[in-house]
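This report refers to the structure that appears directly beneath it.
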Amino acid sequence: MRINHSLTGLLIAALLTACGEPDVTLQPVRLGVIVDSSGASASLGISGRNGVQLAIEQHNARGGIQGRTIEMLLQDDGFDPHQAKLAAKRLIDLKVDAALGPMTSVIAE
């Protein structure tokens, strides 16, 4: 399986910006991901989730980001704008370091 290297680069750049200086406690970098995994565009959302997971696994195998592993916190938007807003609020409440998604502009309203 090939991964889109520009997506990987964008993901890593966003995470490095969010992480700032290395954390001496080496807590995982918490990446929130909002995708449709149960609605009308679930095949797109699941593919996107799988691509992010692969990028995370590859970067963790190389030592993560500044020695910190990357942890994905997945939220399902159900292809519903209201559910996507709730998912974003949950990620904010969880204090993720960075977030990606949703996968479609219809849901991002």
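Lettering and numbering for the structure tokens are positional, with chains as A, B, ... in the shown order, residues counted from 1 in each chain, and ligands counted from 1 in the shown order.
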Task: region 31-33 of chain A environment, 12 Å, only C-alpha atoms, sequence neighbours closer than 3 positions dropped, as a PyMOL selection string - done: chain A and resi 11-12+14-16+18-19+28+36-37+45-46+48-53+55-56+65+69-77+84+87-103
TODO: Write out as an MDAnalysis selection string all residues of region 33-95 of chain A that backbone DSSP assigns to strand (DSSP E).
DONE: chainID A and resid 33:35 70:76
Open item on the list: Just the number, please: distance in Å from CA of Gln58 (chain A) to CA of Ala40 (chain A), one decimal.
Closed with: 29.4 Å
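The space between CA of Gly39 (chain A) and CA of Gln83 (chain A) spans 10.9 Å.
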